[in-house]
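Enquirer: Dropping in data.cif, which is mmCIF, C-alpha atoms:
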```cif
data_data
loop_
_atom_site.label_atom_id
_atom_site.label_comp_id
_atom_site.auth_asym_id
_atom_site.auth_seq_id
_atom_site.Cartn_x
_atom_site.Cartn_y
_atom_site.Cartn_z
CA MET A 43 -147.11 193.12 -35.71
CA THR A 44 -145.81 189.80 -34.40
CA VAL A 45 -146.05 186.27 -35.74
CA HIS A 46 -149.69 185.18 -35.88
CA PRO A 47 -150.52 182.85 -32.95
CA SER A 48 -151.75 180.09 -35.25
CA LEU A 49 -148.28 179.93 -36.86
CA GLN A 50 -146.27 179.86 -33.64
CA THR A 51 -146.86 176.19 -32.83
CA SER A 52 -145.39 175.07 -36.16
CA ILE A 53 -142.50 177.52 -35.90
CA ASP A 54 -141.65 176.30 -32.40
CA ALA A 55 -141.82 172.65 -33.52
CA TRP A 56 -139.63 173.36 -36.56
CA THR A 57 -137.09 175.16 -34.36
CA HIS A 58 -136.98 172.30 -31.86
CA SER A 59 -136.35 169.70 -34.57
CA ILE A 60 -133.90 171.69 -36.68
CA ASP A 61 -131.84 172.42 -33.55
CA ALA A 62 -131.91 168.72 -32.70
CA ILE A 63 -130.65 167.85 -36.19
CA SER A 64 -127.78 170.31 -35.79
CA GLU A 65 -126.84 168.78 -32.44
CA LEU A 66 -126.93 165.28 -33.95
CA VAL A 67 -124.72 165.99 -36.95
CA ASN A 68 -122.25 168.59 -35.69
CA PRO A 69 -119.95 166.06 -33.95
CA LEU A 70 -120.05 163.46 -36.77
CA VAL A 71 -116.81 162.42 -38.42
CA GLU A 72 -116.65 162.08 -42.19
CA ASN A 73 -117.55 158.39 -42.52
CA GLU A 74 -120.60 158.77 -40.24
CA TRP A 75 -122.16 161.09 -42.81
CA ASN A 76 -122.29 158.09 -45.16
CA ARG A 77 -124.41 155.90 -42.88
CA ARG A 78 -127.55 154.59 -44.54
CA THR A 79 -130.94 155.77 -43.39
CA GLU A 80 -134.37 154.22 -43.92
CA CYS A 81 -135.04 156.76 -46.68
CA PRO A 82 -134.41 154.72 -49.86
CA GLY A 83 -131.05 155.61 -51.38
CA TRP A 84 -130.28 158.31 -48.83
CA SER A 85 -127.41 158.54 -46.36
CA VAL A 86 -127.18 160.82 -43.33
CA ARG A 87 -125.55 163.41 -45.62
CA ASP A 88 -128.41 163.09 -48.10
CA VAL A 89 -131.12 163.60 -45.46
CA VAL A 90 -129.38 166.73 -44.17
CA SER A 91 -128.93 167.94 -47.76
CA HIS A 92 -132.66 167.50 -48.33
CA VAL A 93 -133.48 169.52 -45.22
CA ILE A 94 -131.06 172.29 -46.22
CA GLY A 95 -132.34 172.35 -49.79
CA LEU A 96 -136.02 172.66 -48.91
CA GLU A 97 -135.38 175.37 -46.35
CA CYS A 98 -133.41 177.27 -48.99
CA GLU A 99 -136.41 176.99 -51.31
CA MET A 100 -138.69 178.30 -48.55
CA LEU A 101 -136.30 181.24 -48.32
CA GLY A 102 -136.78 181.86 -52.05
CA ASP A 103 -133.28 180.84 -53.14
CA PRO A 104 -133.00 179.65 -56.75
CA ARG A 105 -132.82 175.90 -57.24
CA PRO A 106 -129.45 174.46 -58.28
CA ILE A 107 -128.91 173.84 -61.98
CA HIS A 108 -127.88 170.21 -61.84
CA THR A 109 -128.28 167.09 -63.98
CA LEU A 110 -128.97 163.90 -62.05
CA PRO A 111 -127.13 160.64 -62.82
CA ARG A 112 -129.28 158.08 -64.60
CA ASP A 113 -128.51 155.19 -62.24
CA LEU A 114 -130.31 156.40 -59.09
CA TYR A 115 -132.66 153.47 -58.51
CA HIS A 116 -134.70 155.29 -55.85
CA VAL A 117 -135.64 158.13 -58.23
CA THR A 118 -138.85 156.75 -59.69
CA ASN A 119 -141.12 159.72 -60.42
CA GLU A 120 -141.16 163.48 -60.87
CA THR A 121 -141.52 164.18 -57.16
CA SER A 122 -138.49 162.11 -56.21
CA ARG A 123 -136.55 163.60 -59.14
CA TYR A 124 -137.38 167.10 -57.91
CA MET A 125 -136.26 166.27 -54.36
CA GLU A 126 -133.10 164.52 -55.49
CA VAL A 127 -131.54 167.58 -57.13
CA GLN A 128 -130.92 169.33 -53.80
CA VAL A 129 -129.48 166.07 -52.45
CA ASP A 130 -127.25 164.97 -55.31
CA VAL A 131 -125.67 168.40 -55.74
CA ARG A 132 -124.27 168.09 -52.18
CA ARG A 133 -123.02 164.49 -52.32
CA CYS A 134 -119.43 165.68 -52.75
CA HIS A 135 -119.61 168.07 -49.78
CA THR A 136 -117.41 167.40 -46.76
CA ALA A 137 -118.60 167.24 -43.16
CA PRO A 138 -117.47 170.82 -42.37
CA GLU A 139 -119.19 172.08 -45.53
CA MET A 140 -122.42 170.34 -44.54
CA THR A 141 -122.48 171.61 -40.96
CA SER A 142 -121.59 175.17 -41.94
CA GLU A 143 -124.27 175.30 -44.65
CA LEU A 144 -126.83 173.84 -42.26
CA GLU A 145 -125.95 176.42 -39.61
CA TYR A 146 -126.12 179.30 -42.09
CA THR A 147 -129.45 178.10 -43.51
CA VAL A 148 -130.97 177.71 -40.04
CA ILE A 149 -129.86 181.24 -39.10
CA ARG A 150 -131.42 182.72 -42.24
CA ARG A 151 -134.63 180.71 -41.96
CA SER A 152 -135.04 181.44 -38.24
CA ARG A 153 -134.72 185.15 -38.95
CA GLN A 154 -137.34 184.88 -41.71
CA LEU A 155 -139.75 183.08 -39.38
CA ARG A 156 -139.22 185.55 -36.53
CA ASN A 157 -140.09 188.39 -38.89
CA GLU A 158 -143.07 186.65 -40.52
CA LYS A 159 -145.87 189.21 -40.86
CA ARG A 160 -148.12 187.51 -43.40
CA SER A 161 -151.50 186.14 -42.40
CA PRO A 162 -151.90 182.36 -41.98
CA ASP A 163 -154.13 182.07 -45.07
CA THR A 164 -151.61 183.73 -47.41
CA MET A 165 -150.92 181.34 -50.30
CA VAL A 166 -147.24 180.50 -50.71
CA ARG A 167 -145.30 178.36 -53.15
CA PHE A 168 -144.29 175.04 -51.61
CA PRO A 169 -141.25 173.00 -52.72
CA GLY A 170 -142.25 170.39 -55.25
CA GLY A 171 -144.89 172.51 -56.91
CA GLY A 172 -148.26 173.96 -56.07
CA GLU A 173 -149.32 176.40 -53.40
CA LEU A 174 -150.39 176.02 -49.79
CA SER A 175 -151.60 178.42 -47.17
CA LEU A 176 -148.73 179.73 -45.06
CA GLU A 177 -150.21 177.93 -42.04
CA ALA A 178 -150.30 174.58 -43.88
CA ALA A 179 -146.83 175.12 -45.36
CA LEU A 180 -145.24 175.75 -41.97
CA ALA A 181 -146.97 172.70 -40.49
CA ARG A 182 -145.67 170.60 -43.40
CA ARG A 183 -142.13 171.88 -42.85
CA ALA A 184 -142.34 171.10 -39.11
CA PHE A 185 -143.56 167.61 -40.01
CA ASP A 186 -140.86 167.01 -42.61
CA VAL A 187 -138.01 168.19 -40.40
CA TRP A 188 -139.19 166.12 -37.41
CA VAL A 189 -139.59 162.97 -39.54
CA HIS A 190 -136.07 163.43 -40.89
CA GLU A 191 -134.77 164.07 -37.38
CA GLN A 192 -136.12 160.61 -36.55
CA ASP A 193 -134.51 159.13 -39.69
CA LEU A 194 -131.17 160.49 -38.50
CA ARG A 195 -131.68 159.28 -34.94
CA ARG A 196 -132.34 155.71 -36.11
CA ALA A 197 -129.35 155.76 -38.46
CA LEU A 198 -127.06 157.11 -35.73
CA ASN A 199 -128.60 155.04 -32.91
CA ARG A 200 -129.51 158.18 -30.98
CA PRO A 201 -133.21 157.73 -30.12
CA GLY A 202 -135.22 160.59 -28.66
CA ASN A 203 -137.82 163.32 -29.17
CA LEU A 204 -140.60 160.89 -30.09
CA ASP A 205 -142.94 163.07 -27.99
CA SER A 206 -141.56 166.48 -29.01
CA PRO A 207 -143.62 169.37 -30.46
CA GLY A 208 -142.83 168.09 -33.96
CA ALA A 209 -144.16 164.66 -33.01
CA LEU A 210 -147.54 166.14 -32.11
CA ILE A 211 -147.84 167.96 -35.43
CA SER A 212 -146.73 164.83 -37.28
CA ARG A 213 -149.25 162.67 -35.44
CA ASP A 214 -152.11 164.95 -36.45
CA LEU A 215 -151.00 165.18 -40.08
CA LEU A 216 -150.62 161.42 -40.37
CA LEU A 217 -153.96 160.75 -38.66
CA SER A 218 -155.72 163.08 -41.10
CA ALA A 219 -154.82 160.64 -43.90
CA LEU A 220 -156.40 157.60 -42.22
CA PRO A 221 -160.01 158.01 -43.43
CA LYS A 222 -158.84 157.85 -47.06
CA VAL A 223 -156.51 154.93 -46.32
CA VAL A 224 -159.29 152.88 -44.72
CA ALA A 225 -162.37 153.85 -46.73
CA LYS A 226 -161.00 154.47 -50.22
CA ASP A 227 -157.58 152.82 -50.55
CA ALA A 228 -158.29 149.68 -48.51
CA GLY A 229 -161.96 149.56 -49.53
CA ALA A 230 -163.49 149.01 -46.09
CA ALA A 231 -167.17 148.20 -46.32
CA PRO A 232 -169.90 150.70 -45.36
CA HIS A 233 -170.74 150.72 -41.63
CA SER A 234 -167.36 149.23 -40.70
CA ALA A 235 -165.06 150.64 -38.02
CA VAL A 236 -161.29 150.34 -37.70
CA VAL A 237 -159.51 151.12 -34.43
CA PHE A 238 -155.88 152.23 -34.20
CA ASP A 239 -154.51 151.73 -30.68
CA VAL A 240 -151.07 153.35 -30.43
CA HIS A 241 -148.82 153.18 -27.39
CA GLY A 242 -145.35 154.47 -26.51
CA PRO A 243 -144.06 158.05 -26.06
CA LEU A 244 -147.26 159.26 -27.74
CA GLU A 245 -150.36 157.29 -26.79
CA PHE A 246 -153.66 157.65 -28.60
CA MET A 247 -156.62 155.69 -29.86
CA ARG A 248 -158.55 156.65 -32.97
CA THR A 249 -161.50 155.06 -34.76
CA VAL A 250 -162.08 155.40 -38.49
CA ARG A 251 -165.74 154.86 -39.34
CA VAL A 252 -167.07 154.26 -42.83
CA ASP A 253 -170.58 155.59 -43.44
CA ALA A 254 -173.32 154.19 -45.68
CA ASP A 255 -171.88 156.06 -48.68
CA GLY A 256 -168.38 154.66 -48.16
CA ARG A 257 -166.89 157.87 -46.74
CA GLY A 258 -164.48 157.68 -43.85
CA THR A 259 -164.30 159.88 -40.76
CA ILE A 260 -162.01 159.73 -37.74
CA ASP A 261 -162.66 160.41 -34.07
CA GLY A 262 -161.32 159.59 -30.64
CA SER A 263 -164.32 157.67 -29.33
CA VAL A 264 -164.24 153.96 -28.58
CA SER A 265 -165.90 151.60 -31.02
CA LEU A 266 -167.72 148.53 -29.73
CA GLY A 267 -167.01 145.49 -31.86
CA PRO A 268 -164.76 147.10 -34.50
CA THR A 269 -164.14 145.33 -37.80
CA VAL A 270 -160.38 145.60 -37.26
CA THR A 271 -158.18 146.70 -34.38
CA LEU A 272 -154.53 147.50 -35.08
CA THR A 273 -152.28 147.85 -32.02
CA LEU A 274 -148.73 149.15 -32.42
CA ASP A 275 -146.18 151.49 -30.91
CA TRP A 276 -145.82 155.11 -32.04
CA GLU A 277 -142.43 154.73 -33.71
CA THR A 278 -143.64 151.75 -35.74
CA TYR A 279 -146.74 153.74 -36.74
CA LEU A 280 -144.48 156.57 -37.90
CA ARG A 281 -142.14 154.29 -39.86
CA LEU A 282 -145.05 152.57 -41.61
CA ALA A 283 -146.97 155.77 -42.37
CA CYS A 284 -143.85 157.44 -43.80
CA GLY A 285 -142.94 154.44 -45.94
CA ARG A 286 -139.73 153.64 -44.07
CA VAL A 287 -140.55 149.95 -43.59
CA ARG A 288 -142.99 147.41 -44.98
CA PRO A 289 -145.53 145.80 -42.61
CA GLU A 290 -143.92 142.38 -42.89
CA ALA A 291 -140.62 143.80 -41.59
CA VAL A 292 -142.24 144.93 -38.32
CA SER A 293 -144.87 142.21 -37.93
CA GLU A 294 -143.65 141.37 -34.42
CA ARG A 295 -144.49 144.95 -33.36
CA LEU A 296 -148.02 144.78 -34.80
CA LYS A 297 -151.07 143.16 -33.27
CA VAL A 298 -154.02 142.63 -35.59
CA GLU A 299 -157.49 141.64 -34.42
CA GLY A 300 -160.58 141.14 -36.56
CA ASP A 301 -160.87 140.98 -40.36
CA GLN A 302 -157.38 139.91 -41.48
CA GLN A 303 -157.99 140.65 -45.15
CA LEU A 304 -159.07 144.23 -44.45
CA ALA A 305 -156.16 144.68 -42.02
CA GLU A 306 -153.70 143.58 -44.73
CA ALA A 307 -155.30 145.99 -47.23
CA ILE A 308 -154.99 148.86 -44.75
CA LEU A 309 -151.34 148.06 -44.03
CA ASP A 310 -150.61 147.77 -47.77
CA HIS A 311 -151.81 151.36 -48.21
CA PHE A 312 -150.57 152.72 -44.89
CA ALA A 313 -147.64 154.71 -46.30
CA VAL A 314 -149.02 158.17 -47.00
CA THR A 315 -145.82 160.13 -47.71
CA PRO A 316 -143.73 159.71 -50.86
#
```
Just give me the structure as structure tokens.

Expert:
Amino acid sequence: MTVHPSLQTSIDAWTHSIDAISELVNPLVENEWNRRTECPGWSVRDVVSHVIGLECEMLGDPRPIHTLPRDLYHVTNETSRYMEVQVDVRRCHTAPEMTSELEYTVIRRSRQLRNEKRSPDTMVRFPGGGELSLEAALARRAFDVWVHEQDLRRALNRPGNLDSPGALISRDLLLSALPKVVAKDAGAAPHSAVVFDVHGPLEFMRTVRVDADGRGTIDGSVSLGPTVTLTLDWETYLRLACGRVRPEAVSERLKVEGDQQLAEAILDHFAVTP
């Protein structure tokens, strides 16, 4: 048996992004590991620690036994507390320790993925609690690693890969959250339509429609006379949807047409990742 075809896209995207992360951080000198990223409270070292830690958990390694300091302002709930353990335990690690652990983890994880024989619908434990199908778990890991690749690129001023395989998976995962954002979270009225017109390395237009019962759906067809049209570039969309910036911080990169109150409500709820 070989890897199931429906898993290969996510595996290829994960490989592309994890290799890019390695290339980004391998030449860094010690102080560059301390650069701030847009992830609250996290440096370059912390983002890489997070990636290493979650891949170790996907490998089945035991979680570190570690007590967090009480003064970490960005740790605000159980999810962030869970994620912080793998990060804080590595805050004293040097640059060579970080790059060698990353390399070793990538080798182990790549071997595991090459030898993956389980079916896509096999339920697996996912870091942070709960279970997902193997197919969904691998897509989530490809998404997470690509988003953090972009965090590192912005922190290090090394832009790129905004149209890579990981970007395509991330686009689809983020778009799948839009019907809830528009219809439920922002409270768009029945029979309304909201258009998202995104340009840049990835270009796409999507319309979220709210039916008579207040349920949202998304499609790629053009809406005539939408209630709101939001026009923005792909990187700004990503940063907003992943909670890296607030709308007011990137207002010059956003064009809003139509119902301003609804547009503000949508943007207030646009961040869909913790």

Enquirer: How close does each residue of stretch 60-115 of chain A get to stretch 139-152 of chain A, giving the shortest atom pair and distance in Å to one decimal for every residue with an atom at most 8 Å away, counting only C-alpha atoms, sorted by chain and residue number, as a Markdown table?

Expert:
```
| residue | atom | partner | partner_atom | distance |
| --- | --- | --- | --- | --- |
| A:Ile60 | CA | A:Val148 | CA | 7.5 |
| A:Ser64 | CA | A:Leu144 | CA | 7.4 |
| A:Val67 | CA | A:Thr141 | CA | 7.3 |
| A:Asn68 | CA | A:Thr141 | CA | 6.1 |
| A:Arg87 | CA | A:Met140 | CA | 7.7 |
| A:Val90 | CA | A:Leu144 | CA | 7.8 |
| A:Ser91 | CA | A:Met140 | CA | 7.6 |
| A:Ile94 | CA | A:Leu144 | CA | 6.0 |
| A:Glu97 | CA | A:Arg151 | CA | 7.0 |
| A:Cys98 | CA | A:Thr147 | CA | 6.8 |
| A:Leu101 | CA | A:Arg151 | CA | 6.6 |
```

Enquirer: Take the PyMOL selection byres ((chain A and resi 269) around 8), run it mentally on this structure, and tell me the resulting residues as JSON, numbers by chain.

Expert: {"A": [234, 235, 236, 267, 268, 270, 271, 300, 301]}

Enquirer: Between atom CA of A:Asn203 and atom CA of A:Thr51, what is the distance, to one decimal in Å?

Expert: 16.1 Å

Enquirer: Quick one: apply the PyMOL selection byres ((chain A and resi 47) around 12) to the file and drop the selected residues here as a list in words.

Expert: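 Expected selection for the PyMOL selection byres ((chain A and resi 47) around 12) here is Met43, Thr44, Val45, His46, Ser48, Leu49, Gln50, Thr51, Ser52, Ile53, Asp54, Glu158, Lys159, Arg160, Ser161, Pro162 and Glu177 of chain A.
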
Enquirer: Of the candidates A:Asn73, A:Ala313, A:Asp227, A:Leu210, which shows the shortest atom-to-atom distance to A:Arg286, using only C-alpha atoms?

Expert: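 Of the candidates, the smallest distance to A:Arg286 is held by A:Ala313.
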
Enquirer: Quick one: residues within 6 Å of stretch 245-248 of chain A, all atoms listed in the file counted, chain neighbours fewer than 6 positions away excluded, as a PyMOL selection string?

Expert: chain A and resi 237-239+261-262

Enquirer: When you count all atoms listed in the file, which of these residues is closest to A:Arg257: A:Ala283, A:Val224, A:Ala178, A:Val240?

Expert: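 Nearest candidate to A:Arg257 out of A:Ala283, A:Val224, A:Ala178, A:Val240: A:Val224.
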
Enquirer: If you apply the PyMOL selection byres ((chain A and resi 201) around 12) to this file, what residues do you get, as a PDB file with C-alpha atoms, in the frame of the given file?

Expert:
```
ATOM      1  CA  ALA A  62    -131.910 168.720 -32.700  1.00  0.00           C
ATOM      2  CA  LEU A  66    -126.930 165.280 -33.950  1.00  0.00           C
ATOM      3  CA  GLU A 191    -134.770 164.070 -37.380  1.00  0.00           C
ATOM      4  CA  GLN A 192    -136.120 160.610 -36.550  1.00  0.00           C
ATOM      5  CA  ASP A 193    -134.510 159.130 -39.690  1.00  0.00           C
ATOM      6  CA  LEU A 194    -131.170 160.490 -38.500  1.00  0.00           C
ATOM      7  CA  ARG A 195    -131.680 159.280 -34.940  1.00  0.00           C
ATOM      8  CA  ARG A 196    -132.340 155.710 -36.110  1.00  0.00           C
ATOM      9  CA  ALA A 197    -129.350 155.760 -38.460  1.00  0.00           C
ATOM     10  CA  LEU A 198    -127.060 157.110 -35.730  1.00  0.00           C
ATOM     11  CA  ASN A 199    -128.600 155.040 -32.910  1.00  0.00           C
ATOM     12  CA  ARG A 200    -129.510 158.180 -30.980  1.00  0.00           C
ATOM     13  CA  GLY A 202    -135.220 160.590 -28.660  1.00  0.00           C
ATOM     14  CA  ASN A 203    -137.820 163.320 -29.170  1.00  0.00           C
ATOM     15  CA  LEU A 204    -140.600 160.890 -30.090  1.00  0.00           C
ATOM     16  CA  ASP A 205    -142.940 163.070 -27.990  1.00  0.00           C
ATOM     17  CA  PRO A 243    -144.060 158.050 -26.060  1.00  0.00           C
ATOM     18  CA  GLU A 277    -142.430 154.730 -33.710  1.00  0.00           C
TER      19      GLU A 277
END
```

Enquirer: Provide the atom CA of A:Leu155 to atom CA of A:Val131 distance in Å, to one decimal place.

Expert: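 Atom CA of A:Val131 lies at a distance of 26.1 Å from atom CA of A:Leu155.
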